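Student: My structure is in work.cif, and what it holds is mmCIF, C-alpha atoms:
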```
data_model
loop_
_atom_site.group_PDB
_atom_site.id
_atom_site.type_symbol
_atom_site.label_atom_id
_atom_site.label_comp_id
_atom_site.auth_asym_id
_atom_site.auth_seq_id
_atom_site.Cartn_x
_atom_site.Cartn_y
_atom_site.Cartn_z
ATOM 1 C CA MET A 1072 -134.061 61.530 184.984
ATOM 2 C CA ASN A 1073 -133.328 63.957 182.148
ATOM 3 C CA LEU A 1074 -131.720 67.348 181.645
ATOM 4 C CA ASN A 1075 -135.104 69.110 181.375
ATOM 5 C CA GLN A 1076 -135.976 67.943 184.865
ATOM 6 C CA LEU A 1077 -132.642 69.165 186.185
ATOM 7 C CA GLU A 1078 -133.205 72.492 184.438
ATOM 8 C CA ILE A 1079 -136.566 72.759 186.207
ATOM 9 C CA LEU A 1080 -134.853 72.247 189.553
ATOM 10 C CA HIS A 1081 -132.281 74.900 188.674
ATOM 11 C CA LEU A 1082 -134.934 77.423 187.640
ATOM 12 C CA LEU A 1083 -136.971 76.705 190.748
ATOM 13 C CA GLN A 1084 -134.008 77.955 192.792
ATOM 14 C CA GLU A 1085 -133.736 81.094 190.662
ATOM 15 C CA THR A 1086 -137.440 81.930 190.867
ATOM 16 C CA GLY A 1087 -138.035 81.205 194.540
ATOM 17 C CA TYR A 1088 -139.825 77.926 193.731
ATOM 18 C CA ASN A 1089 -142.407 79.615 191.516
ATOM 19 C CA LEU A 1090 -143.800 77.075 189.023
ATOM 20 C CA THR A 1091 -145.450 79.770 186.895
ATOM 21 C CA LYS A 1092 -142.173 81.666 186.400
ATOM 22 C CA VAL A 1093 -140.311 78.428 185.611
ATOM 23 C CA ALA A 1094 -142.883 77.606 182.936
ATOM 24 C CA GLU A 1095 -142.469 81.079 181.421
ATOM 25 C CA LYS A 1096 -138.683 80.751 181.316
ATOM 26 C CA MET A 1097 -138.936 77.323 179.636
ATOM 27 C CA ASN A 1098 -141.739 78.408 177.264
ATOM 28 C CA ILE A 1099 -143.991 75.556 178.319
ATOM 29 C CA VAL A 1100 -147.271 75.342 180.227
ATOM 30 C CA GLN A 1101 -147.186 75.131 184.009
ATOM 31 C CA SER A 1102 -148.870 71.726 184.039
ATOM 32 C CA ALA A 1103 -145.940 70.305 182.045
ATOM 33 C CA VAL A 1104 -143.489 71.650 184.644
ATOM 34 C CA SER A 1105 -145.512 70.116 187.473
ATOM 35 C CA ARG A 1106 -145.741 66.799 185.643
ATOM 36 C CA GLN A 1107 -141.990 66.622 185.026
ATOM 37 C CA LEU A 1108 -141.301 67.457 188.667
ATOM 38 C CA LEU A 1109 -143.687 64.762 189.907
ATOM 39 C CA MET A 1110 -142.102 62.212 187.540
ATOM 40 C CA LEU A 1111 -138.650 63.053 188.960
ATOM 41 C CA GLU A 1112 -139.888 62.738 192.539
ATOM 42 C CA ASP A 1113 -141.550 59.426 191.681
ATOM 43 C CA GLU A 1114 -138.271 58.111 190.243
ATOM 44 C CA ILE A 1115 -136.325 59.246 193.312
ATOM 45 C CA GLY A 1116 -138.989 57.795 195.604
ATOM 46 C CA THR A 1117 -139.670 60.804 197.844
ATOM 47 C CA PRO A 1118 -140.882 64.425 197.535
ATOM 48 C CA LEU A 1119 -138.179 67.040 196.960
ATOM 49 C CA PHE A 1120 -140.361 69.995 197.986
ATOM 50 C CA GLU A 1121 -142.742 70.916 200.781
ATOM 51 C CA ARG A 1122 -146.143 71.844 199.358
ATOM 52 C CA HIS A 1123 -149.264 73.747 200.291
ATOM 53 C CA GLY A 1124 -151.802 72.559 197.771
ATOM 54 C CA LYS A 1125 -150.142 73.053 194.399
ATOM 55 C CA ARG A 1126 -147.764 75.735 195.682
ATOM 56 C CA LEU A 1127 -144.157 74.864 196.506
ATOM 57 C CA LEU A 1128 -143.018 76.170 199.878
ATOM 58 C CA GLY A 1129 -139.368 75.124 199.670
ATOM 59 C CA PRO A 1130 -137.112 72.087 199.411
ATOM 60 C CA THR A 1131 -137.144 69.116 201.756
ATOM 61 C CA PRO A 1132 -133.810 68.216 203.429
ATOM 62 C CA LEU A 1133 -133.112 65.784 200.579
ATOM 63 C CA GLY A 1134 -134.255 68.421 198.086
ATOM 64 C CA GLU A 1135 -131.683 70.883 199.453
ATOM 65 C CA ARG A 1136 -128.855 68.412 198.914
ATOM 66 C CA ILE A 1137 -130.034 67.557 195.416
ATOM 67 C CA LEU A 1138 -130.339 71.244 194.489
ATOM 68 C CA LYS A 1139 -126.660 71.706 195.384
ATOM 69 C CA GLU A 1140 -125.781 68.935 192.937
ATOM 70 C CA VAL A 1141 -128.009 70.534 190.298
ATOM 71 C CA THR A 1142 -126.001 73.747 190.661
ATOM 72 C CA SER A 1143 -122.857 71.779 189.823
ATOM 73 C CA VAL A 1144 -124.570 70.144 186.829
ATOM 74 C CA ASN A 1145 -125.710 73.519 185.558
ATOM 75 C CA GLN A 1146 -122.167 74.866 185.904
ATOM 76 C CA ALA A 1147 -120.872 71.875 183.952
ATOM 77 C CA LYS A 1148 -123.317 72.661 181.139
ATOM 78 C CA ARG A 1149 -121.986 76.220 180.944
ATOM 79 C CA ASN A 1150 -118.415 74.980 180.944
ATOM 80 C CA ILE A 1151 -119.130 72.486 178.158
ATOM 81 C CA ARG A 1152 -120.555 75.257 175.974
ATOM 82 C CA ALA A 1153 -117.599 77.522 176.733
ATOM 83 C CA LEU A 1154 -115.097 74.725 176.042
ATOM 84 C CA ALA A 1155 -116.714 73.945 172.703
ATOM 85 C CA ASP A 1156 -116.780 77.595 171.662
ATOM 86 C CA ASP A 1157 -113.162 78.021 172.701
ATOM 87 C CA PHE A 1158 -112.098 74.926 170.769
ATOM 88 C CA LEU A 1159 -113.858 76.256 167.670
ATOM 89 C CA ASP A 1160 -112.233 79.675 168.234
ATOM 90 C CA ASN A 1161 -115.640 81.314 168.482
ATOM 91 C CA ARG A 1162 -115.056 85.061 168.449
ATOM 92 C CA ASN A 1163 -118.714 86.038 168.708
ATOM 93 C CA GLY A 1164 -119.316 85.423 172.390
ATOM 94 C CA THR A 1165 -120.125 87.808 175.236
ATOM 95 C CA LEU A 1166 -118.166 89.157 178.185
ATOM 96 C CA HIS A 1167 -120.228 90.252 181.188
ATOM 97 C CA ILE A 1168 -118.362 92.605 183.539
ATOM 98 C CA ALA A 1169 -119.810 93.611 186.899
ATOM 99 C CA THR A 1170 -118.207 96.699 188.380
ATOM 100 C CA THR A 1171 -118.733 100.092 190.004
ATOM 101 C CA HIS A 1172 -119.100 103.462 188.323
ATOM 102 C CA THR A 1173 -115.583 104.516 189.330
ATOM 103 C CA GLN A 1174 -113.912 101.466 187.763
ATOM 104 C CA ALA A 1175 -116.124 101.591 184.660
ATOM 105 C CA LYS A 1176 -115.327 105.229 183.934
ATOM 106 C CA TYR A 1177 -111.733 105.709 185.061
ATOM 107 C CA PHE A 1178 -109.977 102.343 184.873
ATOM 108 C CA LEU A 1179 -111.674 100.064 182.350
ATOM 109 C CA PRO A 1180 -111.656 102.145 179.125
ATOM 110 C CA LYS A 1181 -108.030 101.286 178.274
ATOM 111 C CA PRO A 1182 -108.209 97.519 178.987
ATOM 112 C CA ILE A 1183 -111.533 97.292 177.144
ATOM 113 C CA SER A 1184 -110.156 99.212 174.156
ATOM 114 C CA LYS A 1185 -107.192 96.813 173.966
ATOM 115 C CA PHE A 1186 -109.569 93.870 174.294
ATOM 116 C CA ARG A 1187 -111.760 95.223 171.485
ATOM 117 C CA GLU A 1188 -108.752 95.400 169.143
ATOM 118 C CA LYS A 1189 -108.106 91.662 169.548
ATOM 119 C CA TYR A 1190 -111.714 90.470 169.850
ATOM 120 C CA PRO A 1191 -113.910 92.869 167.843
ATOM 121 C CA GLY A 1192 -116.735 90.331 167.605
ATOM 122 C CA ILE A 1193 -117.140 89.805 171.349
ATOM 123 C CA LYS A 1194 -120.020 91.747 172.860
ATOM 124 C CA ILE A 1195 -119.239 93.491 176.133
ATOM 125 C CA TYR A 1196 -121.864 94.094 178.786
ATOM 126 C CA ILE A 1197 -120.977 96.255 181.797
ATOM 127 C CA GLU A 1198 -123.288 95.855 184.770
ATOM 128 C CA GLN A 1199 -122.787 98.743 187.199
ATOM 129 C CA SER A 1200 -123.848 97.987 190.726
ATOM 130 C CA SER A 1201 -122.913 98.445 194.359
ATOM 131 C CA PRO A 1202 -119.848 96.526 195.605
ATOM 132 C CA GLY A 1203 -122.071 94.416 197.837
ATOM 133 C CA ASN A 1204 -124.072 93.196 194.856
ATOM 134 C CA LEU A 1205 -121.195 92.484 192.456
ATOM 135 C CA ILE A 1206 -120.328 89.128 194.049
ATOM 136 C CA ASN A 1207 -124.002 88.161 193.949
ATOM 137 C CA LEU A 1208 -123.979 88.765 190.193
ATOM 138 C CA LEU A 1209 -121.109 86.288 189.865
ATOM 139 C CA HIS A 1210 -122.898 83.626 191.885
ATOM 140 C CA GLN A 1211 -126.089 84.212 189.892
ATOM 141 C CA HIS A 1212 -124.123 83.766 186.631
ATOM 142 C CA LYS A 1213 -125.098 87.254 185.543
ATOM 143 C CA ALA A 1214 -121.443 88.295 185.337
ATOM 144 C CA ASP A 1215 -118.231 86.556 184.264
ATOM 145 C CA ILE A 1216 -115.838 88.897 186.068
ATOM 146 C CA ALA A 1217 -116.401 91.329 188.941
ATOM 147 C CA ILE A 1218 -114.103 94.307 189.540
ATOM 148 C CA CYS A 1219 -114.198 96.535 192.615
ATOM 149 C CA THR A 1220 -112.343 97.655 195.715
ATOM 150 C CA GLU A 1221 -114.816 96.906 198.495
ATOM 151 C CA LYS A 1222 -116.513 93.643 199.509
ATOM 152 C CA MET A 1223 -113.893 91.426 197.862
ATOM 153 C CA ASP A 1224 -113.605 89.142 200.876
ATOM 154 C CA GLU A 1225 -112.458 85.541 200.930
ATOM 155 C CA ASP A 1226 -114.981 83.277 199.207
ATOM 156 C CA GLU A 1227 -114.198 79.607 198.659
ATOM 157 C CA LYS A 1228 -116.151 79.618 195.402
ATOM 158 C CA LEU A 1229 -114.211 82.528 193.903
ATOM 159 C CA VAL A 1230 -110.773 83.284 192.550
ATOM 160 C CA ILE A 1231 -109.898 86.770 193.831
ATOM 161 C CA LYS A 1232 -106.753 88.555 192.670
ATOM 162 C CA PRO A 1233 -105.362 92.085 193.064
ATOM 163 C CA CYS A 1234 -105.662 94.329 190.066
ATOM 164 C CA TYR A 1235 -104.045 97.629 191.015
ATOM 165 C CA GLN A 1236 -103.422 99.847 194.025
ATOM 166 C CA TRP A 1237 -104.379 103.483 194.365
ATOM 167 C CA HIS A 1238 -104.553 106.365 196.867
ATOM 168 C CA HIS A 1239 -107.127 108.937 197.891
ATOM 169 C CA ILE A 1240 -106.709 112.632 197.226
ATOM 170 C CA VAL A 1241 -108.399 115.805 198.413
ATOM 171 C CA VAL A 1242 -109.966 118.059 195.793
ATOM 172 C CA VAL A 1243 -110.639 121.712 196.551
ATOM 173 C CA PRO A 1244 -111.316 124.819 194.455
ATOM 174 C CA ASN A 1245 -108.407 127.043 193.462
ATOM 175 C CA GLY A 1246 -107.517 129.431 196.264
ATOM 176 C CA HIS A 1247 -108.726 127.159 199.060
ATOM 177 C CA PRO A 1248 -106.857 127.577 202.422
ATOM 178 C CA LEU A 1249 -105.784 123.896 202.435
ATOM 179 C CA ILE A 1250 -103.467 124.579 199.502
ATOM 180 C CA ASP A 1251 -101.219 126.959 201.430
ATOM 181 C CA GLU A 1252 -99.761 124.562 204.026
ATOM 182 C CA ASP A 1253 -98.872 120.899 204.423
ATOM 183 C CA ILE A 1254 -102.063 118.910 204.624
ATOM 184 C CA THR A 1255 -102.894 116.878 207.753
ATOM 185 C CA LEU A 1256 -105.923 114.930 208.928
ATOM 186 C CA GLU A 1257 -106.338 117.488 211.723
ATOM 187 C CA ARG A 1258 -106.589 120.308 209.184
ATOM 188 C CA LEU A 1259 -109.001 118.274 207.066
ATOM 189 C CA GLY A 1260 -111.152 117.663 210.126
ATOM 190 C CA ASN A 1261 -111.886 121.398 210.314
ATOM 191 C CA TYR A 1262 -113.868 121.278 207.065
ATOM 192 C CA PRO A 1263 -117.068 119.560 205.933
ATOM 193 C CA ILE A 1264 -116.088 116.418 204.021
ATOM 194 C CA LEU A 1265 -117.639 115.192 200.781
ATOM 195 C CA THR A 1266 -116.742 111.596 199.982
ATOM 196 C CA TYR A 1267 -118.042 108.161 199.073
ATOM 197 C CA SER A 1268 -121.032 106.341 200.493
ATOM 198 C CA LYS A 1269 -120.319 103.529 202.928
ATOM 199 C CA GLY A 1270 -119.049 100.452 201.129
ATOM 200 C CA PHE A 1271 -117.785 102.375 198.103
ATOM 201 C CA THR A 1272 -114.282 103.182 196.842
ATOM 202 C CA GLY A 1273 -112.176 102.851 199.967
ATOM 203 C CA ARG A 1274 -114.573 104.630 202.348
ATOM 204 C CA GLY A 1275 -113.483 102.202 205.088
ATOM 205 C CA ASN A 1276 -109.834 103.278 204.762
ATOM 206 C CA ILE A 1277 -110.827 106.929 205.060
ATOM 207 C CA GLU A 1278 -112.791 106.324 208.256
ATOM 208 C CA LYS A 1279 -110.033 104.160 209.733
ATOM 209 C CA ALA A 1280 -107.393 106.832 209.178
ATOM 210 C CA PHE A 1281 -109.437 109.498 210.981
ATOM 211 C CA ASP A 1282 -110.492 107.110 213.778
ATOM 212 C CA ASN A 1283 -106.870 106.130 214.439
ATOM 213 C CA GLU A 1284 -106.050 109.800 215.042
ATOM 214 C CA GLY A 1285 -109.176 110.380 217.137
ATOM 215 C CA ILE A 1286 -110.409 113.019 214.695
ATOM 216 C CA HIS A 1287 -114.115 113.473 214.011
ATOM 217 C CA LEU A 1288 -114.987 113.001 210.345
ATOM 218 C CA ASP A 1289 -117.753 115.424 209.420
ATOM 219 C CA ILE A 1290 -119.189 113.934 206.229
ATOM 220 C CA THR A 1291 -121.851 116.334 204.991
ATOM 221 C CA LEU A 1292 -122.410 114.635 201.632
ATOM 222 C CA ALA A 1293 -121.792 111.046 200.543
ATOM 223 C CA ALA A 1294 -122.197 109.640 197.043
ATOM 224 C CA ALA A 1295 -121.177 106.583 195.069
ATOM 225 C CA ASP A 1296 -120.002 108.685 192.116
ATOM 226 C CA SER A 1297 -116.758 110.711 192.059
ATOM 227 C CA ASP A 1298 -118.245 113.169 189.570
ATOM 228 C CA VAL A 1299 -121.103 113.954 191.953
ATOM 229 C CA ILE A 1300 -118.611 114.658 194.746
ATOM 230 C CA LYS A 1301 -116.585 116.978 192.491
ATOM 231 C CA THR A 1302 -119.755 118.805 191.445
ATOM 232 C CA TYR A 1303 -120.624 119.693 195.039
ATOM 233 C CA VAL A 1304 -117.047 120.657 195.840
ATOM 234 C CA ARG A 1305 -117.398 123.223 193.069
ATOM 235 C CA LEU A 1306 -120.624 124.453 194.675
ATOM 236 C CA GLY A 1307 -118.774 125.111 197.926
ATOM 237 C CA PHE A 1308 -120.308 122.344 200.049
ATOM 238 C CA GLY A 1309 -116.916 121.303 201.465
ATOM 239 C CA VAL A 1310 -113.698 119.515 200.529
ATOM 240 C CA GLY A 1311 -113.829 116.268 198.585
ATOM 241 C CA ILE A 1312 -111.954 113.048 199.295
ATOM 242 C CA ILE A 1313 -111.978 110.881 196.177
ATOM 243 C CA ALA A 1314 -109.920 108.210 194.446
ATOM 244 C CA GLY A 1315 -106.804 109.637 192.829
ATOM 245 C CA THR A 1316 -107.739 107.862 189.612
ATOM 246 C CA SER A 1317 -110.903 110.005 189.440
ATOM 247 C CA TYR A 1318 -109.051 113.282 188.973
ATOM 248 C CA GLU A 1319 -108.878 114.374 185.319
ATOM 249 C CA PRO A 1320 -106.492 117.332 184.840
ATOM 250 C CA ASN A 1321 -108.135 118.508 181.634
ATOM 251 C CA MET A 1322 -111.694 118.286 182.954
ATOM 252 C CA ASP A 1323 -110.919 119.270 186.549
ATOM 253 C CA SER A 1324 -108.521 122.167 185.994
ATOM 254 C CA ASP A 1325 -110.692 124.349 188.256
ATOM 255 C CA LEU A 1326 -109.920 122.001 191.163
ATOM 256 C CA VAL A 1327 -106.640 121.379 192.955
ATOM 257 C CA ALA A 1328 -105.729 117.822 193.959
ATOM 258 C CA LEU A 1329 -103.793 117.240 197.184
ATOM 259 C CA ASP A 1330 -102.059 113.941 197.846
ATOM 260 C CA LEU A 1331 -103.248 111.854 200.832
ATOM 261 C CA ALA A 1332 -100.965 108.859 200.270
ATOM 262 C CA HIS A 1333 -99.067 109.647 203.492
ATOM 263 C CA LEU A 1334 -102.268 109.954 205.547
ATOM 264 C CA ILE A 1335 -104.716 107.317 204.291
ATOM 265 C CA PRO A 1336 -103.675 103.691 203.594
ATOM 266 C CA PRO A 1337 -103.707 102.647 199.923
ATOM 267 C CA SER A 1338 -106.711 100.803 198.539
ATOM 268 C CA THR A 1339 -106.530 97.784 196.250
ATOM 269 C CA THR A 1340 -108.942 97.127 193.428
ATOM 270 C CA LYS A 1341 -109.445 93.415 192.775
ATOM 271 C CA PHE A 1342 -111.158 91.206 190.240
ATOM 272 C CA ALA A 1343 -112.951 87.931 190.874
ATOM 273 C CA TYR A 1344 -114.521 85.051 188.978
ATOM 274 C CA LEU A 1345 -116.049 81.690 189.842
ATOM 275 C CA LYS A 1346 -113.514 78.901 190.439
ATOM 276 C CA GLN A 1347 -115.669 76.307 188.715
ATOM 277 C CA SER A 1348 -116.262 78.422 185.625
ATOM 278 C CA TYR A 1349 -114.298 77.659 182.490
ATOM 279 C CA LEU A 1350 -113.039 80.978 181.183
ATOM 280 C CA PRO A 1351 -112.761 81.104 177.396
ATOM 281 C CA SER A 1352 -109.561 82.433 175.898
ATOM 282 C CA TYR A 1353 -111.018 85.917 175.358
ATOM 283 C CA SER A 1354 -111.964 86.174 179.055
ATOM 284 C CA ARG A 1355 -108.460 85.124 180.057
ATOM 285 C CA TYR A 1356 -107.027 87.723 177.691
ATOM 286 C CA PHE A 1357 -109.199 90.407 179.287
ATOM 287 C CA ILE A 1358 -107.924 89.414 182.737
ATOM 288 C CA GLU A 1359 -104.371 89.796 181.456
ATOM 289 C CA GLN A 1360 -105.195 93.357 180.398
ATOM 290 C CA LEU A 1361 -106.516 94.161 183.861
ATOM 291 C CA GLN A 1362 -103.102 93.399 185.303
ATOM 292 C CA LEU A 1363 -100.951 95.298 182.800
ATOM 293 C CA ARG A 1364 -99.286 98.272 184.494
ATOM 294 C CA GLU A 1365 -99.429 100.283 181.291
ATOM 295 C CA PHE A 1366 -103.180 100.615 181.838
ATOM 296 C CA LEU A 1367 -102.870 101.960 185.369
ATOM 297 C CA HIS A 1368 -103.218 105.678 185.811
ATOM 298 C CA ASP A 1369 -99.823 107.353 185.695
ATOM 299 C CA ALA A 1370 -99.090 110.224 188.062
ATOM 300 C CA LYS A 1371 -100.185 113.458 186.414
ATOM 301 C CA LYS A 1372 -99.123 117.019 187.018
ATOM 302 C CA VAL A 1373 -101.861 118.889 188.802
ATOM 303 C CA PRO A 1374 -101.889 122.631 189.555
ATOM 304 C CA LEU A 1375 -100.363 123.436 192.979
ATOM 305 C CA ALA A 1376 -100.525 119.830 194.143
ATOM 306 C CA LYS A 1377 -98.374 116.868 194.932
ATOM 307 C CA VAL A 1378 -100.466 113.988 193.677
ATOM 308 C CA SER A 1379 -100.082 110.244 193.726
ATOM 309 C CA LEU A 1380 -102.811 108.949 191.430
ATOM 310 C CA SER A 1381 -101.865 105.302 191.728
ATOM 311 C CA ALA A 1382 -99.198 103.065 193.154
#
```
I need this file expressed as structure tokens, please.

Tutor:
Amino acid sequence: MNLNQLEILHLLQETGYNLTKVAEKMNIVQSAVSRQLLMLEDEIGTPLFERHGKRLLGPTPLGERILKEVTSVNQAKRNIRALADDFLDNRNGTLHIATTHTQAKYFLPKPISKFREKYPGIKIYIEQSSPGNLINLLHQHKADIAICTEKMDEDEKLVIKPCYQWHHIVVVPNGHPLIDEDITLERLGNYPILTYSKGFTGRGNIEKAFDNEGIHLDITLAAADSDVIKTYVRLGFGVGIIAGTSYEPNMDSDLVALDLAHLIPPSTTKFAYLKQSYLPSYSRYFIEQLQLREFLHDAKKVPLAKVSLSA
């Protein structure tokens, strides 16, 4: 048994047991992959995969158990490389961040700027995706750290920690009737609502608040991007409910922000990483920046509004 054979098993999982794709990833011919796999099975004494001719259909019961061990071996290889680089104070590594558009645009610029000052040689890759896919990117080793509000449920393979708390706000054009009186969910329910798509940026908290009051939520436009929502508010499609952190006084001076902290429960943005992963010192430093209150959005003065942009 050798590491190349274990790498083949690992890549078979990644490629859906496709020998051709494994050969391409390893830059060898397919026959060499098949030969190494047969040699491993011969050493073990039993097939690890069900076959139809030369095509692999999937692992045998023993193959499934062995593939789980291979995942651990592959993780150990990554950790060994990271440990060695950390010991040698390698400042030319990479940091892969998986997050949503909202976090990437409104929260991460300050922590990343601080990180860049200390580690200018580290390359940063930001993978923007839906909250439901961010955890998958961690498990697939395509991201080192995931940051989002939704879908951060308990996972025994992950370390999940709170990052910061924030509230929703309503955004309306100047002169809108909602500005004149105290805002309530009942008053909001009289207008078409523009807000986030399901599974994005605290949408669940918005729905829960209206459901608890028995008020119908008329969502006429849903989007994953706060800027898209603000654009259609400007076009008169309805009133927008967005994250308070997404309101930019300088850029959004034509809109009035109204605080919803007393009506909709706060949302918590969290970060996560794999428990078994060794985080190099620069990754740990980045995590420290995510938790510094100085990088959270301070309450800003907004025309004609009482706004709570973050807790």

Student: So what does the PyMOL selection byres ((chain A and resi 1346) around 7) actually pick up in this one, as a list of chain:residue names?

Tutor: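 Taken over the shown coordinates, the PyMOL selection byres ((chain A and resi 1346) around 7) returns A:Lys1228, A:Leu1229, A:Val1230, A:Tyr1344, A:Leu1345, A:Gln1347, A:Ser1348.
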
Student: Just want the 12 Å neighbourhood of A:Asn1204, counted on only C-alpha atoms, with same-chain residues fewer than 3 positions away dropped. Output as an MDAnalysis selection string.

Tutor: chainID A and resid 1169:1171 1198:1201 1207:1211 1213:1214 1217:1219 1221:1223 1270:1271

Student: Hey, what comes out of the PyMOL selection byres ((chain A and resi 1113-1115) around 12) on this file? Could you write it as a list of chain:residue names?

Tutor: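 Taken over the shown coordinates, the PyMOL selection byres ((chain A and resi 1113-1115) around 12) returns A:Met1072, A:Asn1073, A:Gln1076, A:Arg1106, A:Gln1107, A:Leu1108, A:Leu1109, A:Met1110, A:Leu1111, A:Glu1112, A:Gly1116, A:Thr1117, A:Pro1118, A:Leu1119, A:Leu1133, A:Gly1134, A:Ile1137.
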
Student: Evaluate the PyMOL selection byres ((chain A and resi 1129) around 9) on the structure here and hand back the selected residues as a count of residues only.

Tutor: 12

Student: Of the residues A:Ile1216, A:Ala1343, A:Val1100, A:Ile1335, which is the one nearest to A:Trp1237, using all atoms listed in the file?

Tutor: A:Ile1335

Student: My list of candidates is A:Asp1251, A:Leu1329, A:Thr1340, A:Asn1245. Which is closest to A:Arg1305 when distances are computed with all atoms listed in the file?

Tutor: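 Comparing A:Asp1251, A:Leu1329, A:Thr1340, A:Asn1245 against A:Arg1305, the winner is A:Asn1245.
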
Student: Give me the residues near A:Leu1350 as a tab-separated table (two decimals) with C-alpha atoms, in the frame of the given file, where near means some atom within 12 Å (using all atoms listed in the file) and where sequence neighbours in that chain fewer than 3 positions away do not count.

Tutor:
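See part_13.tsv below for the written result:
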```
chain	number	residue	atom	x	y	z
A	1146	GLN	CA	-122.17	74.87	185.90
A	1149	ARG	CA	-121.99	76.22	180.94
A	1150	ASN	CA	-118.42	74.98	180.94
A	1151	ILE	CA	-119.13	72.49	178.16
A	1152	ARG	CA	-120.56	75.26	175.97
A	1153	ALA	CA	-117.60	77.52	176.73
A	1154	LEU	CA	-115.10	74.72	176.04
A	1155	ALA	CA	-116.71	73.94	172.70
A	1156	ASP	CA	-116.78	77.60	171.66
A	1157	ASP	CA	-113.16	78.02	172.70
A	1164	GLY	CA	-119.32	85.42	172.39
A	1165	THR	CA	-120.12	87.81	175.24
A	1166	LEU	CA	-118.17	89.16	178.18
A	1167	HIS	CA	-120.23	90.25	181.19
A	1214	ALA	CA	-121.44	88.30	185.34
A	1215	ASP	CA	-118.23	86.56	184.26
A	1216	ILE	CA	-115.84	88.90	186.07
A	1230	VAL	CA	-110.77	83.28	192.55
A	1343	ALA	CA	-112.95	87.93	190.87
A	1344	TYR	CA	-114.52	85.05	188.98
A	1345	LEU	CA	-116.05	81.69	189.84
A	1346	LYS	CA	-113.51	78.90	190.44
A	1347	GLN	CA	-115.67	76.31	188.72
A	1353	TYR	CA	-111.02	85.92	175.36
A	1354	SER	CA	-111.96	86.17	179.06
A	1355	ARG	CA	-108.46	85.12	180.06
A	1356	TYR	CA	-107.03	87.72	177.69
A	1357	PHE	CA	-109.20	90.41	179.29
A	1358	ILE	CA	-107.92	89.41	182.74
```

Student: Would you list the contacts of A:Met1097 as a PyMOL selection string, taking every protein, DNA or RNA residue within 10 Å and counting only C-alpha atoms, but skipping same-chain residues closer than 6 positions in sequence?

Tutor: chain A and resi 1075+1078-1079+1082+1104

Student: Could you check which of A:Ala1103, A:Ile1286, A:Leu1179, A:Ile1240 is closest to A:Ala1328, using only C-alpha atoms?

Tutor: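 Among A:Ala1103, A:Ile1286, A:Leu1179, A:Ile1240, it is A:Ile1240 that comes nearest to A:Ala1328.
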
Student: So which one's closest to A:Gly1307, A:Leu1138, A:Met1322, A:Leu1077, A:Leu1265? Using all atoms listed in the file, please.

Tutor: A:Leu1265
